[in-house]
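Heads up, structure.cif below (mmCIF, C-alpha atoms and all ligand atoms):
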data_query
loop_
_atom_site.label_atom_id
_atom_site.label_comp_id
_atom_site.auth_asym_id
_atom_site.auth_seq_id
_atom_site.Cartn_x
_atom_site.Cartn_y
_atom_site.Cartn_z
CA MET Y 40 171.14 153.81 125.74
CA SER Y 41 167.35 153.41 125.91
CA VAL Y 42 165.77 149.94 125.86
CA LEU Y 43 164.17 150.85 122.53
CA GLU Y 44 167.56 151.59 120.98
CA TYR Y 45 169.22 148.58 122.62
CA ASN Y 46 166.46 146.22 121.40
CA ARG Y 47 166.72 147.74 117.91
CA ARG Y 48 170.39 146.74 117.82
CA ALA Y 49 169.58 143.36 119.36
CA TRP Y 50 166.97 142.56 116.69
CA ASP Y 51 169.23 143.82 113.90
CA LYS Y 52 171.80 141.39 115.30
CA ALA Y 53 169.19 138.60 115.43
CA VAL Y 54 168.70 139.06 111.68
CA GLU Y 55 172.45 138.71 111.16
CA ARG Y 56 172.40 135.55 113.26
CA GLY Y 57 169.46 134.11 111.30
CA SER Y 58 167.16 133.75 114.31
CA GLU Y 59 163.96 131.82 113.63
CA TRP Y 60 161.80 134.97 113.89
CA THR Y 61 163.77 136.77 111.19
CA ILE Y 62 163.63 134.25 108.33
CA PRO Y 63 161.40 135.48 105.49
CA VAL Y 64 158.87 133.19 103.83
CA GLY Y 65 159.92 131.45 100.62
CA PRO Y 66 158.39 131.85 97.11
CA GLU Y 67 156.21 128.75 97.64
CA VAL Y 68 154.40 130.42 100.55
CA ILE Y 69 153.70 133.49 98.44
CA ALA Y 70 152.55 131.43 95.46
CA ALA Y 71 150.14 129.48 97.68
CA ALA Y 72 148.86 132.68 99.33
CA ARG Y 73 148.13 134.10 95.88
CA ARG Y 74 145.96 131.01 95.27
CA GLY Y 75 144.13 131.69 98.54
CA GLU Y 76 145.97 129.03 100.55
CA TRP Y 77 147.65 130.77 103.45
CA SER Y 78 148.03 130.88 107.21
CA ILE Y 79 150.04 132.94 109.66
CA VAL Y 80 151.04 132.56 113.31
CA LEU Y 81 150.82 134.97 116.25
CA THR Y 82 152.43 132.46 118.61
CA PRO Y 83 155.18 129.88 117.92
CA THR Y 84 153.25 127.12 116.16
CA LYS Y 85 149.44 127.22 115.99
CA PRO Y 86 148.03 128.86 112.84
CA VAL Y 87 145.53 131.65 113.51
CA PRO Y 88 142.03 130.25 112.76
CA ARG Y 89 140.92 131.27 109.27
CA ALA Y 90 137.61 132.41 110.82
CA TRP Y 91 139.51 135.19 112.60
CA PHE Y 92 140.04 136.92 109.24
CA PRO Y 93 137.52 138.49 106.87
CA ALA Y 94 136.35 136.15 104.10
CA SER Y 95 138.40 138.21 101.64
CA LEU Y 96 141.46 140.30 102.41
CA ALA Y 97 141.08 142.26 99.18
CA GLY Y 98 141.21 145.96 99.99
CA CYS Y 99 141.71 145.28 103.71
CA ASP Y 100 144.18 147.67 105.38
CA VAL Y 101 146.36 145.52 107.62
CA LEU Y 102 148.98 146.68 110.13
CA CYS Y 103 151.57 144.09 111.16
CA LEU Y 104 152.46 145.60 114.52
CA ALA Y 105 155.99 144.79 115.70
CA GLY Y 106 155.77 142.11 113.06
CA GLY Y 107 158.83 142.53 110.87
CA GLY Y 108 160.86 139.61 109.56
CA GLY Y 109 159.24 138.97 106.18
CA GLN Y 110 156.63 136.50 107.42
CA GLN Y 111 153.11 137.68 108.22
CA GLY Y 112 153.32 140.88 106.14
CA PRO Y 113 154.25 139.37 102.76
CA THR Y 114 151.87 136.42 103.25
CA LEU Y 115 148.91 138.72 103.90
CA ALA Y 116 149.93 141.01 101.03
CA ALA Y 117 150.02 138.04 98.65
CA ALA Y 118 146.55 137.09 99.95
CA GLY Y 119 145.29 140.49 98.78
CA ALA Y 120 145.64 142.82 101.79
CA ARG Y 121 147.13 146.32 101.72
CA VAL Y 122 149.92 145.78 104.24
CA THR Y 123 151.92 148.10 106.47
CA VAL Y 124 154.65 146.48 108.55
CA PHE Y 125 155.69 148.47 111.61
CA ASP Y 126 158.77 147.43 113.57
CA ASN Y 127 161.61 148.84 115.66
CA SER Y 128 164.34 147.02 113.73
CA PRO Y 129 165.44 148.27 110.28
CA ALA Y 130 166.95 144.85 109.54
CA GLN Y 131 163.64 143.13 110.30
CA LEU Y 132 161.81 145.59 108.02
CA ALA Y 133 164.41 144.94 105.32
CA GLN Y 134 163.32 141.28 105.37
CA ASP Y 135 159.78 142.38 104.44
CA GLN Y 136 161.12 144.60 101.66
CA LEU Y 137 163.29 141.76 100.41
CA VAL Y 138 160.24 139.52 99.95
CA ALA Y 139 158.20 142.40 98.49
CA GLU Y 140 160.86 143.07 95.84
CA ARG Y 141 161.43 139.38 95.12
CA GLU Y 142 157.69 138.77 94.64
CA GLY Y 143 156.51 142.06 93.16
CA LEU Y 144 154.35 142.83 96.21
CA GLU Y 145 153.61 146.26 97.57
CA ILE Y 146 154.36 146.51 101.28
CA ARG Y 147 154.81 149.71 103.26
CA THR Y 148 157.41 149.45 106.03
CA VAL Y 149 157.61 151.93 108.91
CA GLN Y 150 160.17 151.99 111.70
CA GLY Y 151 159.08 152.93 115.21
CA ASP Y 152 158.02 151.96 118.71
CA MET Y 153 154.85 149.86 119.05
CA ALA Y 154 153.82 152.04 122.03
CA ASP Y 155 153.70 155.15 119.84
CA LEU Y 156 151.78 154.89 116.56
CA SER Y 157 151.44 158.67 116.14
CA VAL Y 158 152.73 158.31 112.58
CA PHE Y 159 149.29 156.82 111.77
CA ALA Y 160 146.02 158.79 111.80
CA ASP Y 161 143.03 157.59 113.83
CA ALA Y 162 141.00 154.86 112.11
CA SER Y 163 143.66 153.94 109.52
CA PHE Y 164 143.38 150.12 109.57
CA ASP Y 165 140.79 147.34 109.37
CA LEU Y 166 142.98 144.69 110.97
CA ILE Y 167 146.05 144.62 113.22
CA VAL Y 168 148.21 141.52 113.43
CA HIS Y 169 150.48 141.64 116.46
CA PRO Y 170 152.67 138.54 116.84
CA CYS Y 171 154.44 137.78 120.16
CA SER Y 172 156.56 140.90 120.59
CA ASN Y 173 155.21 142.96 123.46
CA LEU Y 174 157.65 141.13 125.78
CA PHE Y 175 160.18 143.67 124.45
CA VAL Y 176 158.45 146.77 125.86
CA PRO Y 177 158.25 147.78 129.52
CA ASP Y 178 154.57 148.78 129.42
CA VAL Y 179 152.02 147.07 127.21
CA ARG Y 180 148.98 149.24 127.94
CA PRO Y 181 149.99 152.07 125.53
CA VAL Y 182 150.27 149.44 122.79
CA TRP Y 183 146.61 148.43 123.26
CA ARG Y 184 145.48 152.08 123.41
CA GLU Y 185 147.33 152.96 120.22
CA ALA Y 186 146.06 149.83 118.44
CA TYR Y 187 142.50 150.83 119.38
CA ARG Y 188 143.01 154.37 118.11
CA VAL Y 189 144.37 153.42 114.69
CA LEU Y 190 141.68 150.78 114.05
CA ARG Y 191 138.42 151.62 112.30
CA PRO Y 192 135.14 150.78 114.06
CA ASP Y 193 134.54 147.01 113.73
CA GLY Y 194 138.28 146.63 113.13
CA GLU Y 195 140.06 143.79 114.90
CA LEU Y 196 143.33 143.26 116.75
CA LEU Y 197 144.79 139.73 116.61
CA ALA Y 198 147.54 139.49 119.23
CA GLY Y 199 149.92 136.83 120.50
CA PHE Y 200 151.76 137.10 123.81
CA THR Y 201 153.71 135.10 126.35
CA ASN Y 202 152.12 133.59 129.45
CA PRO Y 203 153.85 135.45 132.32
CA ALA Y 204 154.26 132.14 134.19
CA LEU Y 205 157.26 131.42 131.91
CA TYR Y 206 159.18 134.17 133.68
CA LEU Y 207 158.90 132.57 137.11
CA PHE Y 208 161.72 130.24 136.18
CA ASP Y 209 165.48 130.58 136.02
CA MET Y 210 165.90 130.85 132.24
CA GLN Y 211 169.40 129.46 132.03
CA LEU Y 212 168.39 126.34 133.96
CA HIS Y 213 165.17 126.18 131.93
CA ASP Y 214 167.23 126.11 128.73
CA HIS Y 215 168.92 123.00 130.17
CA GLY Y 216 165.59 121.36 130.98
CA VAL Y 217 165.50 122.27 134.69
CA LEU Y 218 162.45 124.07 136.09
CA GLN Y 219 163.44 126.08 139.14
CA VAL Y 220 161.22 128.89 140.37
CA ARG Y 221 163.39 131.96 140.84
CA HIS Y 222 161.66 135.23 139.97
CA LYS Y 223 158.80 137.26 141.39
CA LEU Y 224 156.51 138.63 138.69
CA PRO Y 225 156.32 140.92 136.85
CA TYR Y 226 159.78 140.10 135.56
CA SER Y 227 162.28 142.28 133.73
CA ASP Y 228 165.77 141.25 132.55
CA LEU Y 229 166.96 144.66 133.71
CA THR Y 230 165.86 144.30 137.33
CA HIS Y 231 165.79 140.54 137.95
CA LEU Y 232 169.08 139.28 136.50
CA ARG Y 233 172.26 139.39 138.54
CA PRO Y 234 174.66 142.10 137.25
CA GLU Y 235 177.05 139.55 135.74
CA GLU Y 236 174.15 137.72 134.02
CA LEU Y 237 172.80 140.98 132.61
CA ARG Y 238 176.28 141.92 131.37
CA ARG Y 239 176.61 138.55 129.64
CA TYR Y 240 173.18 138.95 127.95
CA GLN Y 241 173.99 142.48 126.85
CA ASP Y 242 177.52 141.65 125.66
CA ASP Y 243 175.80 139.06 123.47
CA LEU Y 244 173.16 141.65 122.35
CA GLN Y 245 170.23 139.49 123.51
CA PRO Y 246 166.93 141.46 123.41
CA MET Y 247 165.76 142.71 126.82
CA GLU Y 248 162.48 141.09 127.89
CA TYR Y 249 159.64 141.89 130.28
CA SER Y 250 156.81 139.70 131.51
CA HIS Y 251 153.46 141.46 131.72
CA THR Y 252 150.60 140.65 134.03
CA LEU Y 253 147.46 139.13 132.54
CA ASP Y 254 145.77 142.21 133.98
CA ASP Y 255 147.84 144.30 131.55
CA GLN Y 256 147.63 141.85 128.63
CA ILE Y 257 143.92 141.04 128.79
CA GLY Y 258 142.55 143.70 131.14
CA GLY Y 259 144.59 146.27 129.20
CA GLN Y 260 142.83 145.37 125.94
CA LEU Y 261 139.42 145.61 127.65
CA ASP Y 262 140.35 148.92 129.29
CA ALA Y 263 141.42 150.28 125.89
CA GLY Y 264 137.84 149.65 124.72
CA PHE Y 265 138.18 146.30 122.94
CA VAL Y 266 135.71 143.44 123.21
CA LEU Y 267 137.38 140.03 123.26
CA VAL Y 268 135.80 137.67 120.76
CA GLY Y 269 138.38 134.89 120.41
CA PHE Y 270 141.11 133.14 122.39
CA TYR Y 271 143.49 130.17 122.20
CA GLU Y 272 146.67 128.89 123.82
CA ASP Y 273 149.75 127.56 122.08
CA THR Y 274 152.81 125.65 123.07
CA TRP Y 275 156.39 125.40 121.81
CA ALA Y 276 157.68 121.85 121.97
CA GLY Y 277 161.28 121.75 123.10
CA MET Y 278 160.74 124.19 125.98
CA ALA Y 279 160.92 122.44 129.34
CA LEU Y 280 157.80 124.22 130.63
CA ALA Y 281 155.85 123.15 127.53
CA GLU Y 282 155.55 119.66 129.03
CA TYR Y 283 153.49 121.20 131.83
CA MET Y 284 151.52 124.03 130.29
CA PRO Y 285 151.03 126.00 127.08
CA CYS Y 286 153.14 129.15 127.37
CA TYR Y 287 151.59 131.37 124.69
CA LEU Y 288 148.21 133.06 124.39
CA ALA Y 289 146.38 134.61 121.46
CA THR Y 290 143.42 136.96 121.55
CA ARG Y 291 141.00 138.28 118.97
CA ALA Y 292 139.71 141.70 120.00
CA ARG Y 293 137.14 143.90 118.25
CA LYS Y 294 136.79 147.67 118.36
CA PRO Y 295 133.03 148.18 118.73
C1 LIG Y 301 159.60 137.69 117.82
S1 LIG Y 301 159.70 138.99 116.61
C2 LIG Y 301 158.05 138.91 115.97
C3 LIG Y 301 157.95 139.03 114.48
C4 LIG Y 301 157.98 137.80 113.70
N1 LIG Y 301 157.59 138.09 112.31
C5 LIG Y 301 157.09 136.64 114.22
O1 LIG Y 301 156.50 135.95 113.43
O2 LIG Y 301 157.01 136.36 115.41
C6 LIG Y 301 159.59 140.41 117.62
C7 LIG Y 301 159.65 141.71 116.82
O3 LIG Y 301 159.33 142.79 117.69
C8 LIG Y 301 160.11 143.89 117.26
N2 LIG Y 301 160.16 144.88 118.34
C9 LIG Y 301 160.79 144.79 119.54
N3 LIG Y 301 160.58 145.90 120.28
C10 LIG Y 301 159.78 146.72 119.52
C11 LIG Y 301 159.19 148.00 119.74
N4 LIG Y 301 159.35 148.67 120.88
N5 LIG Y 301 158.42 148.51 118.77
C12 LIG Y 301 158.23 147.86 117.58
N6 LIG Y 301 158.77 146.63 117.32
C13 LIG Y 301 159.52 146.07 118.29
C14 LIG Y 301 161.45 143.28 116.93
O4 LIG Y 301 162.25 144.15 116.16
C15 LIG Y 301 161.02 142.00 116.23
O5 LIG Y 301 160.91 142.18 114.85
#
As structure tokens, the full file:
Amino acid sequence: MSVLEYNRRAWDKAVERGSEWTIPVGPEVIAAARRGEWSIVLTPTKPVPRAWFPASLAGCDVLCLAGGGGQQGPTLAAAGARVTVFDNSPAQLAQDQLVAEREGLEIRTVQGDMADLSVFADASFDLIVHPCSNLFVPDVRPVWREAYRVLRPDGELLAGFTNPALYLFDMQLHDHGVLQVRHKLPYSDLTHLRPEELRRYQDDLQPMEYSHTLDDQIGGQLDAGFVLVGFYEDTWAGMALAEYMPCYLATRARKP
């Protein structure tokens, strides 16, 4: 089975389990967004600065790239944007449809791989919102190239991603508060875990993850043609490494 197919099943399962990244926003979030009071995240906690968005989202074509789960998409739709949510997991996309139906919002959902946006014509969107999700693909550079292609000139890509330093550590020990350097980067569950660890992860349908170099995350956006115009870091309290460094990055990139 390909990683794409495996991770599709894993994220469908995450919806069944009620994972944090699969819980749709409630009616109060939509009501507030309709009044113009809204925020979204690209990383675990820090809201994206309001200045990273156009003054008005009315008529703005927004692509939530690998952003299913009924969170960013419905919020931006209620704020006035024309939203397309693109994701590999049908169950995650169903969360967006659930909110759309509940709230009378129009949201287009499309299933596919973030590295291949051929379903969209060149210059289809004004804004791409890409929350932390490229850790689930082996190569991030095609994602940046495709994002560039489907954006209109002056369009922007707002992306969150994981600091690769997180993957230096033994994750099981890390989950118990112990920081022990174990892995050489770039990391992949498929190549770095011991066979019995990988079997345990896969028996439990945990999504397969990859670290990416900052060369690929940041250099890859520049190589695709973007100009970086904004940046911040974020943390996730409760993670052992968060006491030492912020583990998440967000970039604002413009297609000239
Ligand atoms: C951590 S969730 C991010 C979405 C969530 N709304 C949030 O706020 O963070 C990661 C998402 O990436 C999606 N995903 C994983 N691999 C993908 C791929 N190759 N192409 C498109 N989406 C993918 C998953 O199905 C999941 O919905």
Among the residues Y:Gly258, Y:Gly98, Y:Gly143, Y:Gly108, the one that comes closest to ligand LIG 301 (chain Y) [using all atoms listed in the file]: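 Under the stated criterion, the closest residue is Y:Gly108.
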Near-ligand residues for ligand LIG 301 (chain Y), threshold 9 Å, all atoms listed in the file, as an MDAnalysis selection string: chainID Y and resid 42:44 46:51 53:54 59:63 79:83 103:112 125:132 150:155 169:177 199 246:247
Atom pair atom CA of Y:Glu67 / atom CA of Y:Ala118: separation (Å):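 Those two atoms sit 13.0 Å apart.
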Within 9 Å of Y:Ile167 using all atoms listed in the file, minus same-chain residues under 2 positions, as JSON, numbers by chain: {"Y": [100, 101, 102, 103, 104, 164, 165, 169, 186, 190, 194, 195, 196, 197, 198]}
Between atom CA of Y:Gln134 and atom CA of Y:Ala116, distance in Å (one decimal): 14.1 Å
Interatomic distance, atom CA of Y:Asp262 to atom CA of Y:Ala292 (Å, one decimal):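 Value for the atom CA of Y:Asp262-atom CA of Y:Ala292 distance: 11.8 Å.
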Kindly output stretch 87-105 of chain Y as a compact mmCIF listing (two decimals), keeping the file's coordinate frame, after building N, CA and C atoms.
# COMPACT_ATOMS: atom_id res chain seq x y z
N VAL Y 87 146.71 130.87 113.10
CA VAL Y 87 145.53 131.65 113.51
C VAL Y 87 144.33 131.07 112.76
N PRO Y 88 143.21 130.80 113.46
CA PRO Y 88 142.03 130.25 112.76
C PRO Y 88 141.64 131.15 111.59
N ARG Y 89 141.32 130.52 110.47
CA ARG Y 89 140.92 131.27 109.27
C ARG Y 89 139.70 132.15 109.55
N ALA Y 90 138.84 131.67 110.49
CA ALA Y 90 137.61 132.41 110.82
C ALA Y 90 137.91 133.74 111.52
N TRP Y 91 139.16 133.92 111.97
CA TRP Y 91 139.51 135.19 112.60
C TRP Y 91 139.76 136.30 111.57
N PHE Y 92 139.78 135.93 110.30
CA PHE Y 92 140.04 136.92 109.24
C PHE Y 92 138.76 137.14 108.43
N PRO Y 93 138.66 138.30 107.77
CA PRO Y 93 137.52 138.49 106.87
C PRO Y 93 137.57 137.46 105.75
N ALA Y 94 136.41 137.17 105.16
CA ALA Y 94 136.35 136.15 104.10
C ALA Y 94 137.33 136.49 102.99
N SER Y 95 137.43 137.78 102.66
CA SER Y 95 138.40 138.21 101.64
C SER Y 95 139.27 139.32 102.23
N LEU Y 96 140.55 139.25 101.92
CA LEU Y 96 141.46 140.30 102.41
C LEU Y 96 141.61 141.42 101.38
N ALA Y 97 140.95 141.27 100.25
CA ALA Y 97 141.08 142.26 99.18
C ALA Y 97 140.65 143.63 99.70
N GLY Y 98 141.53 144.59 99.57
CA GLY Y 98 141.21 145.96 99.99
C GLY Y 98 141.26 146.18 101.49
N CYS Y 99 141.68 145.17 102.24
CA CYS Y 99 141.71 145.28 103.71
C CYS Y 99 143.04 145.93 104.12
N ASP Y 100 142.95 147.01 104.91
CA ASP Y 100 144.18 147.67 105.38
C ASP Y 100 144.67 146.98 106.65
N VAL Y 101 145.82 146.33 106.52
CA VAL Y 101 146.36 145.52 107.62
C VAL Y 101 147.65 146.13 108.15
N LEU Y 102 147.74 146.24 109.47
CA LEU Y 102 148.98 146.68 110.13
C LEU Y 102 149.60 145.48 110.84
N CYS Y 103 150.82 145.12 110.43
CA CYS Y 103 151.57 144.09 111.16
C CYS Y 103 152.39 144.84 112.21
N LEU Y 104 151.94 144.77 113.44
CA LEU Y 104 152.46 145.60 114.52
C LEU Y 104 153.59 144.87 115.25
N ALA Y 105 154.79 145.46 115.19
CA ALA Y 105 155.99 144.79 115.70
C ALA Y 105 156.07 143.41 115.09
